[in-house]
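Data block for input-v2.csv (CSV, C-alpha atoms):
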```csv
chain,number,residue,atom,x,y,z
A,294,MET,CA,35.3,-137.3,113.6
A,295,LYS,CA,35.6,-137.7,109.8
A,296,LYS,CA,38.0,-134.8,109.9
A,297,VAL,CA,40.0,-136.4,112.7
A,298,ALA,CA,40.1,-139.7,110.8
A,299,ILE,CA,41.6,-137.9,107.8
A,300,TYR,CA,44.2,-136.2,109.9
A,301,ILE,CA,45.2,-139.5,111.5
A,302,PHE,CA,45.4,-141.3,108.2
A,303,ILE,CA,47.6,-138.6,106.6
A,304,SER,CA,49.9,-138.4,109.6
A,305,ALA,CA,50.1,-142.2,109.8
A,306,PHE,CA,50.8,-142.4,106.1
A,307,LEU,CA,53.6,-139.8,106.2
A,308,PHE,CA,55.1,-141.4,109.3
A,309,GLY,CA,54.7,-144.7,107.5
A,310,THR,CA,57.0,-143.6,104.7
A,311,MET,CA,59.7,-142.4,107.2
A,312,GLU,CA,61.9,-145.5,107.5
A,313,VAL,CA,62.0,-146.1,103.8
A,314,THR,CA,63.0,-142.5,103.0
A,315,LEU,CA,65.5,-142.4,105.9
A,316,LYS,CA,67.1,-145.6,104.5
A,317,MET,CA,67.3,-144.2,101.0
A,318,ALA,CA,68.6,-140.8,102.2
A,319,GLY,CA,70.9,-142.3,104.8
A,320,SER,CA,72.8,-144.2,102.2
A,321,GLU,CA,73.9,-140.9,100.7
A,322,LEU,CA,74.0,-138.6,103.7
A,323,ASP,CA,75.6,-138.7,107.1
A,324,SER,CA,73.1,-139.8,109.9
A,325,PHE,CA,74.0,-136.9,112.1
A,326,GLN,CA,73.6,-134.5,109.2
A,327,LEU,CA,70.2,-135.9,108.0
A,328,THR,CA,68.8,-135.9,111.6
A,329,PHE,CA,69.8,-132.3,112.1
A,330,ILE,CA,68.4,-131.1,108.7
A,331,ARG,CA,65.0,-132.8,108.9
A,332,PHE,CA,64.2,-131.7,112.4
A,333,PHE,CA,65.4,-128.2,111.8
A,334,ILE,CA,63.2,-127.9,108.8
A,335,GLY,CA,60.3,-129.5,110.7
A,336,GLY,CA,60.7,-127.2,113.6
A,337,LEU,CA,60.7,-124.1,111.3
A,338,LEU,CA,57.6,-125.3,109.5
A,339,LEU,CA,55.8,-125.6,112.8
A,340,LEU,CA,57.1,-122.2,114.0
A,341,PRO,CA,54.3,-120.0,112.5
A,342,PHE,CA,51.7,-122.2,114.3
A,343,ALA,CA,53.7,-122.0,117.5
A,344,ILE,CA,53.9,-118.2,117.3
A,345,ARG,CA,50.1,-117.9,116.8
A,346,GLU,CA,49.5,-120.3,119.7
A,347,ILE,CA,51.8,-118.3,122.0
A,348,LYS,CA,50.0,-115.1,121.0
A,349,CYS,CA,46.5,-116.6,121.4
A,350,ASN,CA,47.3,-118.1,124.8
A,351,LYS,CA,49.3,-115.1,125.9
A,352,THR,CA,52.0,-117.5,127.0
A,353,VAL,CA,55.1,-116.0,128.7
A,354,ILE,CA,58.1,-118.2,128.2
A,355,THR,CA,60.8,-117.7,130.8
A,356,PHE,CA,64.5,-118.5,130.7
A,357,LYS,CA,63.7,-121.5,132.8
A,358,ASP,CA,61.1,-122.6,130.3
A,359,TYR,CA,63.6,-122.3,127.4
A,360,MET,CA,66.1,-124.4,129.4
A,361,TYR,CA,63.5,-127.1,129.8
A,362,LEU,CA,62.6,-126.9,126.1
A,363,LEU,CA,66.4,-127.3,125.4
A,364,LEU,CA,66.5,-130.4,127.5
A,365,LEU,CA,63.4,-131.7,125.7
A,366,GLY,CA,65.1,-131.0,122.4
A,367,ILE,CA,68.2,-132.9,123.4
A,368,VAL,CA,66.3,-135.9,124.5
A,369,CYS,CA,64.3,-136.0,121.2
A,370,ILE,CA,66.9,-135.0,118.6
A,371,PRO,CA,70.6,-135.8,119.5
A,372,LEU,CA,69.4,-138.8,121.5
A,373,SER,CA,66.1,-140.5,120.4
A,374,MET,CA,66.1,-139.6,116.7
A,375,LEU,CA,69.8,-139.8,116.2
A,376,PHE,CA,69.9,-143.3,117.7
A,377,PHE,CA,66.9,-144.2,115.6
A,378,GLN,CA,68.5,-142.9,112.3
A,379,ILE,CA,71.7,-144.8,112.9
A,380,GLY,CA,69.7,-147.9,113.9
A,381,VAL,CA,67.7,-147.7,110.7
A,382,MET,CA,70.9,-148.0,108.7
A,383,GLY,CA,71.7,-151.2,110.5
A,384,ALA,CA,68.2,-152.8,110.2
A,385,ASN,CA,65.5,-153.5,107.7
A,386,ALA,CA,63.1,-150.6,107.3
A,387,SER,CA,60.2,-152.9,108.0
A,388,THR,CA,61.7,-154.0,111.3
A,389,ALA,CA,62.7,-150.4,112.4
A,390,SER,CA,59.3,-149.0,111.5
A,391,VAL,CA,57.5,-151.4,113.8
A,392,LEU,CA,60.0,-151.3,116.7
A,393,ILE,CA,59.9,-147.4,116.9
A,394,CYS,CA,56.1,-147.7,117.4
A,395,VAL,CA,56.6,-149.4,120.8
A,396,ASN,CA,57.5,-146.0,122.3
A,397,PRO,CA,54.0,-145.6,123.9
A,398,LEU,CA,54.8,-148.7,125.9
A,399,PHE,CA,57.9,-147.1,127.3
A,400,THR,CA,55.9,-143.9,127.8
A,401,MET,CA,53.7,-145.8,130.3
A,402,VAL,CA,56.8,-147.0,132.3
A,403,PHE,CA,58.3,-143.5,132.4
A,404,ALA,CA,54.9,-142.0,133.3
A,405,HIS,CA,54.7,-144.4,136.3
A,406,PHE,CA,57.8,-143.0,137.8
A,407,MET,CA,57.6,-139.3,136.7
A,408,THR,CA,53.9,-138.4,137.2
A,409,LYS,CA,51.6,-138.7,140.1
A,410,ASP,CA,48.5,-140.0,138.5
A,411,ASP,CA,49.5,-142.0,135.4
A,412,LYS,CA,50.6,-145.2,137.3
A,413,MET,CA,51.0,-148.7,135.9
A,414,ASN,CA,48.3,-151.2,136.6
A,415,LYS,CA,47.7,-154.9,135.7
A,416,ILE,CA,46.3,-154.1,132.2
A,417,LYS,CA,49.3,-151.8,131.4
A,418,VAL,CA,51.7,-154.4,132.6
A,419,VAL,CA,50.0,-156.9,130.3
A,420,ALA,CA,50.3,-154.4,127.4
A,421,PHE,CA,53.9,-153.8,128.1
A,422,MET,CA,54.7,-157.6,128.3
A,423,LEU,CA,52.9,-158.2,125.0
A,424,GLY,CA,54.9,-155.4,123.4
A,425,LEU,CA,58.1,-156.9,124.6
A,426,LEU,CA,57.0,-160.3,123.3
A,427,GLY,CA,56.2,-158.6,120.0
A,428,ILE,CA,59.7,-157.1,119.8
A,429,LEU,CA,61.1,-160.5,120.5
A,430,PHE,CA,59.3,-162.1,117.6
A,431,MET,CA,59.9,-159.1,115.3
A,432,VAL,CA,63.6,-159.3,115.9
A,433,SER,CA,63.9,-163.1,116.2
A,434,PRO,CA,67.3,-162.9,118.0
A,435,TRP,CA,67.6,-166.7,117.6
A,436,LYS,CA,68.0,-166.1,113.9
A,437,LEU,CA,68.4,-162.5,112.8
A,438,GLN,CA,66.8,-161.8,109.4
A,439,GLU,CA,69.1,-160.7,106.6
A,440,GLY,CA,69.5,-156.9,106.7
A,441,ASN,CA,69.1,-156.8,110.5
A,442,THR,CA,72.0,-156.4,112.9
A,443,ALA,CA,72.1,-156.6,116.6
A,444,MET,CA,73.5,-153.1,116.9
A,445,GLY,CA,70.9,-151.7,114.5
A,446,ILE,CA,68.0,-153.3,116.4
A,447,PHE,CA,69.4,-152.1,119.8
A,448,LEU,CA,69.7,-148.5,118.6
A,449,VAL,CA,66.2,-148.4,117.1
A,450,ILE,CA,64.8,-149.7,120.5
A,451,LEU,CA,67.0,-147.2,122.3
A,452,GLY,CA,65.5,-144.5,120.1
A,453,ALA,CA,62.0,-145.7,121.1
A,454,VAL,CA,62.9,-145.6,124.8
A,455,PHE,CA,64.2,-142.0,124.6
A,456,PHE,CA,61.1,-141.0,122.6
A,457,GLY,CA,59.0,-142.4,125.4
A,458,LEU,CA,60.9,-140.3,127.8
A,459,TYR,CA,60.5,-137.2,125.6
A,460,THR,CA,56.7,-137.8,125.5
A,461,VAL,CA,56.4,-137.9,129.3
A,462,MET,CA,58.7,-134.9,129.8
A,463,GLY,CA,56.5,-133.1,127.2
A,464,LYS,CA,53.3,-133.9,129.1
A,465,ILE,CA,54.7,-132.2,132.2
A,466,SER,CA,55.1,-128.8,130.5
A,467,ILE,CA,52.6,-128.9,127.6
A,468,GLN,CA,49.8,-127.2,129.5
A,469,LYS,CA,51.8,-124.0,129.8
A,470,MET,CA,53.8,-124.1,126.5
A,471,GLY,CA,51.1,-125.4,124.1
A,472,LEU,CA,51.4,-128.3,121.7
A,473,TYR,CA,52.9,-126.4,118.7
A,474,ALA,CA,55.1,-124.1,120.6
A,475,GLN,CA,56.7,-126.9,122.7
A,476,THR,CA,57.3,-129.1,119.7
A,477,SER,CA,58.6,-126.4,117.4
A,478,ILE,CA,60.9,-124.8,119.9
A,479,SER,CA,62.3,-128.1,121.2
A,480,PHE,CA,62.9,-129.4,117.7
A,481,ILE,CA,64.8,-126.2,116.7
A,482,LEU,CA,66.8,-126.1,119.9
A,483,GLY,CA,67.6,-129.9,119.8
A,484,SER,CA,68.6,-129.5,116.1
A,485,LEU,CA,71.0,-126.6,117.0
A,486,VAL,CA,72.6,-128.8,119.7
A,487,LEU,CA,73.1,-131.5,117.1
A,488,LEU,CA,74.6,-128.9,114.7
A,489,VAL,CA,77.2,-128.0,117.4
A,490,ILE,CA,78.0,-131.7,117.7
A,491,LEU,CA,78.3,-132.0,113.9
A,492,LEU,CA,80.7,-129.1,113.7
A,493,PHE,CA,82.7,-130.3,116.7
A,494,MET,CA,83.1,-133.8,115.1
A,495,GLY,CA,83.9,-132.4,111.7
A,496,ARG,CA,81.0,-134.1,110.1
A,497,PRO,CA,79.3,-132.7,106.9
A,498,VAL,CA,76.5,-130.2,107.3
A,499,VAL,CA,75.4,-129.4,103.8
A,500,LEU,CA,77.7,-131.6,101.8
A,501,GLY,CA,75.7,-133.9,99.5
A,502,VAL,CA,72.3,-132.2,100.3
A,503,ALA,CA,72.0,-130.7,96.8
A,504,ASP,CA,72.3,-134.1,95.2
A,505,ASN,CA,69.6,-135.5,97.4
A,506,ILE,CA,67.5,-132.4,97.8
A,507,TRP,CA,64.1,-134.1,97.1
A,508,LEU,CA,64.6,-136.8,99.7
A,509,VAL,CA,65.8,-134.2,102.2
A,510,LEU,CA,62.8,-131.9,101.5
A,511,TYR,CA,60.4,-134.7,101.7
A,512,LEU,CA,61.8,-135.8,105.1
A,513,GLY,CA,61.9,-132.3,106.5
A,514,ILE,CA,58.7,-130.9,105.1
A,515,PHE,CA,56.4,-133.8,104.7
A,516,VAL,CA,57.5,-136.5,107.2
A,517,THR,CA,58.7,-134.3,110.0
A,518,GLY,CA,56.8,-131.0,109.5
A,519,LEU,CA,53.4,-132.0,108.0
A,520,GLY,CA,53.5,-135.4,109.7
A,521,TYR,CA,53.5,-133.8,113.1
A,522,LEU,CA,51.2,-131.0,112.0
A,523,PHE,CA,48.4,-133.4,111.0
A,524,TYR,CA,49.1,-135.4,114.2
A,525,PHE,CA,48.6,-132.3,116.3
A,526,LEU,CA,45.5,-131.4,114.3
A,527,ALA,CA,44.1,-134.8,115.2
A,528,ILE,CA,44.8,-134.1,118.8
A,529,LYS,CA,43.4,-130.6,118.7
A,530,ASN,CA,40.1,-131.8,117.2
A,531,SER,CA,39.8,-134.8,119.5
A,532,ASP,CA,42.3,-135.7,122.3
A,533,ALA,CA,45.8,-137.0,122.8
A,534,THR,CA,44.5,-140.6,123.2
A,535,THR,CA,42.7,-140.5,119.8
A,536,GLY,CA,45.7,-138.9,118.2
A,537,SER,CA,47.9,-141.7,119.4
A,538,ILE,CA,46.0,-144.0,117.0
A,539,VAL,CA,48.6,-142.7,114.5
A,540,PHE,CA,51.2,-145.0,116.1
A,541,PHE,CA,48.6,-147.8,116.0
A,542,VAL,CA,48.1,-147.4,112.2
A,543,LYS,CA,51.7,-146.7,111.3
A,544,PRO,CA,53.0,-150.3,111.9
A,545,ALA,CA,50.4,-151.5,109.4
A,546,ILE,CA,51.5,-149.1,106.7
A,547,ALA,CA,55.3,-148.8,107.1
A,548,PRO,CA,56.2,-152.5,106.5
A,549,VAL,CA,54.1,-152.6,103.4
A,550,MET,CA,56.0,-149.6,102.1
A,551,ALA,CA,59.3,-151.3,102.9
A,552,VAL,CA,58.2,-154.4,101.0
A,553,ILE,CA,57.1,-152.5,98.0
A,554,ILE,CA,59.9,-150.0,97.7
A,555,LEU,CA,62.9,-151.7,99.3
A,556,ASN,CA,61.9,-155.3,98.6
A,557,ASP,CA,62.1,-156.1,102.3
A,558,VAL,CA,60.9,-159.6,103.3
A,559,ILE,CA,58.7,-160.1,106.3
A,560,THR,CA,58.8,-163.7,107.7
A,561,TRP,CA,56.1,-165.4,109.8
A,562,ASN,CA,57.7,-164.3,113.1
A,563,GLY,CA,57.7,-160.7,111.8
A,564,TYR,CA,53.9,-160.8,111.1
A,565,LEU,CA,53.4,-162.3,114.6
A,566,GLY,CA,55.5,-159.5,116.1
A,567,ILE,CA,53.5,-156.9,114.3
A,568,ALA,CA,50.3,-158.4,115.5
A,569,LEU,CA,51.4,-158.5,119.1
A,570,ILE,CA,52.7,-154.9,119.0
A,571,LEU,CA,49.5,-153.7,117.5
A,572,PHE,CA,47.5,-155.6,120.1
A,573,ALA,CA,49.6,-154.1,122.9
A,574,SER,CA,49.1,-150.6,121.4
A,575,TYR,CA,45.4,-151.2,121.3
A,576,ILE,CA,45.3,-152.2,125.0
A,577,SER,CA,47.4,-149.1,125.8
A,578,ILE,CA,45.1,-146.8,123.9
A,579,ARG,CA,41.9,-148.4,125.4
A,580,GLU,CA,43.4,-148.1,128.9
A,581,LYS,CA,44.1,-144.4,128.3
A,582,ARG,CA,40.6,-143.8,127.1
A,583,LYS,CA,39.2,-145.6,130.2
A,584,GLY,CA,41.4,-143.5,132.5
A,585,LYS,CA,40.3,-140.2,130.9
A,586,TYR,CA,36.7,-141.3,131.1
A,587,GLU,CA,37.0,-142.0,134.8
A,588,GLU,CA,38.7,-138.6,135.3
A,589,LEU,CA,35.7,-136.9,133.7
A,590,GLN,CA,33.3,-138.9,135.8
A,591,ASP,CA,35.1,-137.8,139.0
```

Structure re-expressed in C-alpha cells:
Amino acid sequence: MKKVAIYIFISAFLFGTMEVTLKMAGSELDSFQLTFIRFFIGGLLLLPFAIREIKCNKTVITFKDYMYLLLLGIVCIPLSMLFFQIGVMGANASTASVLICVNPLFTMVFAHFMTKDDKMNKIKVVAFMLGLLGILFMVSPWKLQEGNTAMGIFLVILGAVFFGLYTVMGKISIQKMGLYAQTSISFILGSLVLLVILLFMGRPVVLGVADNIWLVLYLGIFVTGLGYLFYFLAIKNSDATTGSIVFFVKPAIAPVMAVIILNDVITWNGYLGIALILFASYISIREKRKGKYEELQD
C-alpha cells in the first residue's frame, strides 16, 4: 500500500499542476493546438505500455473496437479536454482545478443510465447534491470572483460532464481492451481528430511551440503522460476505487499551486466549495468501496 500511496501522490501532484501550466501555456498558444499536442504526446508515451499489455493479454482489437476507441477519443479530447482548456482561459486556475474534479459525480449519473449494476441510490444522490452545492459556492454566481467568467465556468463544468461520460464509456470496454491500451489508443485517435479540426479551421499546429517548448513538454510528458501512468499504476496495484483517490487529493493541491504561482485569491466561499466537493468525493469513493465489497461477498 505504501507503493500505491506514492503513485497516488505523484499522480495527484502532476494533475494538481495542470491548470496552472495550462493557464501559462494557453496565454501563448492556441487552445485547440495545446490540447492536441499534449494528448498526442501523452498517448505516444503510454503506447509502449499499451503494446506490452496487448501482447500479454493476447488482445485482438477489431475494426469495431477501433471505432469505439475513436468515439472514446472524440468524447475525451475534442469535447471534454478542449472545453476544459478553453474554460481554463476564462476562469481562475484555482476555480477550474476544483470544478474539473467533480467529474466522478457526473460519472455516477451516466453510470446509472448506461450500466446495469451501477445504479444511483440515496447516498449517491446526497453526494451528487453536495457536489452541486460545492460548485455553487466555488463559483459564487451571485458575485463572480475577479478572473472568473460565466462562459469559462460553464465550459470547465461541461468538460467535467464529458469526462464523466468518457469514464463510463471506458468502463464498458476496458475489460477487453486493457487500461493502457484503451487510454493510449483513444488519446492518439482523439488527438488526430482534433488535428483534422485544427487544419480545417486554419488554426496553428506548431506555430509558437518552440518558444514554449518546456511548458509544452511538461504538459505532454509529465502532466498527461506520467500523470496518467502513475494513476494507472495505482489502479493496477490496488483497484479503480483506490486509484480515484487521486481526484480527491488533487483539489487540495491545485488551488495551493494557483495561489503560489499565479497569485490566485481564494475567498471564504471558495474554501467552503472545496470542502463540500471533497466531502462529496469522499462519499462517492466510500460508496464505491462498499459496492465492491458487497460484490465480493456475493

**Asked** For Lys543 (chain A), which residue out of A:Tyr524, A:Phe456, A:Phe406, A:Phe376 is the nearest one, using all atoms listed in the file?
**Response** A:Tyr524

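Minimum atom-to-atom distances from A:Ile344, A:Val539, A:Leu458, A:Ile367 to Ser574 (chain A) were compared using all atoms listed in the file, and the lowest value belongs to A:Val539.
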
Please report as CSV every residue of region 406-506 of chain A lying within 6 Å of region 348-366 of chain A, along with the nearest atom pair and their distance in Å (one decimal), using only C-alpha atoms.
```
residue,atom,partner,partner_atom,distance
A:Ser479,CA,A:Gly366,CA,4.2
A:Phe480,CA,A:Gly366,CA,5.4
A:Leu482,CA,A:Leu363,CA,5.6
A:Gly483,CA,A:Gly366,CA,3.8
```

Would you mind listing, for every residue of region 436-538 of chain A within 12 Å of region 545-560 of chain A, the two atoms forming the shortest contact and the distance between them in Å to one decimal, using only C-alpha atoms, sorted by chain and ascending residue number, as CSV?
```
residue,atom,partner,partner_atom,distance
A:Lys436,CA,A:Thr560,CA,11.4
A:Leu437,CA,A:Thr560,CA,10.9
A:Gln438,CA,A:Thr560,CA,8.4
A:Glu439,CA,A:Val558,CA,8.9
A:Gly440,CA,A:Asp557,CA,8.6
A:Asn441,CA,A:Asp557,CA,10.8
A:Ile538,CA,A:Ala545,CA,11.5
```

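Comparing A:Lys412, A:Arg331, A:Lys316, A:Lys295 by their smallest distance to Ile514 (chain A), the closest is A:Arg331 (using all atoms listed in the file).
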
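You can rank A:Met317, A:Ala384, A:Leu426, A:Ala443 by their closest distance to Phe572 (chain A) using all atoms listed in the file, and at the top of that list sits A:Leu426.
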
**Message:** Can you pull out the residues contacting Ile465 (chain A)? Cut-off 12 Å, using all atoms listed in the file, and skip same-chain residues under 2 positions away; I want them as a PyMOL selection string.
**Reply:** chain A and resi 358+361-362+365+403-404+407-411+458-463+467-472+475

**Request:** Counting all atoms listed in the file, note down every residue that has an atom within 12 Å of the point (42.7, -142.6, 108.1) (file coordinates), as an MDAnalysis selection string.
**Result:** chainID A and resid 294:307 523:524 527 535:536 538:543 545:546

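Reported to one decimal place, the separation of CA of Leu512 (chain A) from CA of Val391 (chain A) is 18.4 Å.
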
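Across the model, the gap from CA of Gly457 (chain A) to CA of Trp561 (chain A) is 27.9 Å.
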
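With all atoms listed in the file as the basis for measurement, A:Gly513 is the residue among A:Gly319, A:Tyr521, A:Gly513, A:Met413 that approaches Phe333 (chain A) most closely.
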
Supply region 352-383 of chain A as a JSON list (two decimals), keeping the file's coordinate frame, with N, CA and C atoms built in where the input has gaps.
```json
[["chain", "number", "residue", "atom", "x", "y", "z"],
["A", 352, "THR", "N", 51.05, -116.70, 126.21],
["A", 352, "THR", "CA", 52.00, -117.50, 127.00],
["A", 352, "THR", "C", 53.30, -116.66, 127.17],
["A", 353, "VAL", "N", 53.79, -116.65, 128.40],
["A", 353, "VAL", "CA", 55.10, -116.00, 128.70],
["A", 353, "VAL", "C", 56.10, -117.10, 128.95],
["A", 354, "ILE", "N", 57.06, -117.20, 128.05],
["A", 354, "ILE", "CA", 58.10, -118.20, 128.20],
["A", 354, "ILE", "C", 59.32, -117.65, 128.84],
["A", 355, "THR", "N", 59.64, -118.17, 130.00],
["A", 355, "THR", "CA", 60.80, -117.70, 130.80],
["A", 355, "THR", "C", 62.07, -118.36, 130.37],
["A", 356, "PHE", "N", 63.16, -117.87, 130.91],
["A", 356, "PHE", "CA", 64.50, -118.50, 130.70],
["A", 356, "PHE", "C", 64.47, -119.94, 131.12],
["A", 357, "LYS", "N", 63.84, -120.18, 132.27],
["A", 357, "LYS", "CA", 63.70, -121.50, 132.80],
["A", 357, "LYS", "C", 62.97, -122.44, 131.84],
["A", 358, "ASP", "N", 61.92, -121.89, 131.23],
["A", 358, "ASP", "CA", 61.10, -122.60, 130.30],
["A", 358, "ASP", "C", 61.97, -123.01, 129.04],
["A", 359, "TYR", "N", 62.77, -122.05, 128.57],
["A", 359, "TYR", "CA", 63.60, -122.30, 127.40],
["A", 359, "TYR", "C", 64.67, -123.39, 127.73],
["A", 360, "MET", "N", 65.16, -123.40, 128.97],
["A", 360, "MET", "CA", 66.10, -124.40, 129.40],
["A", 360, "MET", "C", 65.45, -125.81, 129.38],
["A", 361, "TYR", "N", 64.19, -125.83, 129.79],
["A", 361, "TYR", "CA", 63.50, -127.10, 129.80],
["A", 361, "TYR", "C", 63.20, -127.56, 128.36],
["A", 362, "LEU", "N", 62.86, -126.61, 127.49],
["A", 362, "LEU", "CA", 62.60, -126.90, 126.10],
["A", 362, "LEU", "C", 63.94, -127.41, 125.43],
["A", 363, "LEU", "N", 65.05, -126.83, 125.86],
["A", 363, "LEU", "CA", 66.40, -127.30, 125.40],
["A", 363, "LEU", "C", 66.62, -128.72, 125.78],
["A", 364, "LEU", "N", 66.30, -129.04, 127.03],
["A", 364, "LEU", "CA", 66.50, -130.40, 127.50],
["A", 364, "LEU", "C", 65.56, -131.37, 126.74],
["A", 365, "LEU", "N", 64.32, -130.94, 126.49],
["A", 365, "LEU", "CA", 63.40, -131.70, 125.70],
["A", 365, "LEU", "C", 63.97, -132.00, 124.31],
["A", 366, "GLY", "N", 64.50, -130.93, 123.70],
["A", 366, "GLY", "CA", 65.10, -131.00, 122.40],
["A", 366, "GLY", "C", 66.25, -132.00, 122.33],
["A", 367, "ILE", "N", 67.07, -131.97, 123.36],
["A", 367, "ILE", "CA", 68.20, -132.90, 123.40],
["A", 367, "ILE", "C", 67.81, -134.32, 123.52],
["A", 368, "VAL", "N", 66.81, -134.58, 124.37],
["A", 368, "VAL", "CA", 66.30, -135.90, 124.50],
["A", 368, "VAL", "C", 65.71, -136.45, 123.20],
["A", 369, "CYS", "N", 65.01, -135.56, 122.47],
["A", 369, "CYS", "CA", 64.30, -136.00, 121.20],
["A", 369, "CYS", "C", 65.29, -136.09, 120.06],
["A", 370, "ILE", "N", 66.12, -135.05, 119.81],
["A", 370, "ILE", "CA", 66.90, -135.00, 118.60],
["A", 370, "ILE", "C", 68.26, -135.71, 118.68],
["A", 371, "PRO", "N", 69.22, -135.17, 119.46],
["A", 371, "PRO", "CA", 70.60, -135.80, 119.50],
["A", 371, "PRO", "C", 70.55, -137.19, 120.17],
["A", 372, "LEU", "N", 69.48, -137.52, 120.89],
["A", 372, "LEU", "CA", 69.40, -138.80, 121.50],
["A", 372, "LEU", "C", 68.43, -139.74, 120.77],
["A", 373, "SER", "N", 67.13, -139.56, 120.98],
["A", 373, "SER", "CA", 66.10, -140.50, 120.40],
["A", 373, "SER", "C", 66.25, -140.60, 118.89],
["A", 374, "MET", "N", 66.13, -139.49, 118.17],
["A", 374, "MET", "CA", 66.10, -139.60, 116.70],
["A", 374, "MET", "C", 67.40, -139.87, 116.06],
["A", 375, "LEU", "N", 68.49, -139.50, 116.71],
["A", 375, "LEU", "CA", 69.80, -139.80, 116.20],
["A", 375, "LEU", "C", 70.07, -141.33, 116.32],
["A", 376, "PHE", "N", 69.76, -141.87, 117.51],
["A", 376, "PHE", "CA", 69.90, -143.30, 117.70],
["A", 376, "PHE", "C", 69.02, -144.07, 116.70],
["A", 377, "PHE", "N", 67.81, -143.55, 116.50],
["A", 377, "PHE", "CA", 66.90, -144.20, 115.60],
["A", 377, "PHE", "C", 67.44, -144.17, 114.14],
["A", 378, "GLN", "N", 67.95, -143.02, 113.70],
["A", 378, "GLN", "CA", 68.50, -142.90, 112.30],
["A", 378, "GLN", "C", 69.66, -143.85, 112.12],
["A", 379, "ILE", "N", 70.59, -143.90, 113.08],
["A", 379, "ILE", "CA", 71.70, -144.80, 112.90],
["A", 379, "ILE", "C", 71.26, -146.25, 112.96],
["A", 380, "GLY", "N", 70.25, -146.52, 113.82],
["A", 380, "GLY", "CA", 69.70, -147.90, 113.90],
["A", 380, "GLY", "C", 69.04, -148.30, 112.60],
["A", 381, "VAL", "N", 68.32, -147.37, 111.96],
["A", 381, "VAL", "CA", 67.70, -147.70, 110.70],
["A", 381, "VAL", "C", 68.66, -148.16, 109.65],
["A", 382, "MET", "N", 69.85, -147.58, 109.67],
["A", 382, "MET", "CA", 70.90, -148.00, 108.70],
["A", 382, "MET", "C", 71.44, -149.34, 108.97],
["A", 383, "GLY", "N", 71.20, -149.86, 110.18],
["A", 383, "GLY", "CA", 71.70, -151.20, 110.50],
["A", 383, "GLY", "C", 70.57, -152.21, 110.67]]
```
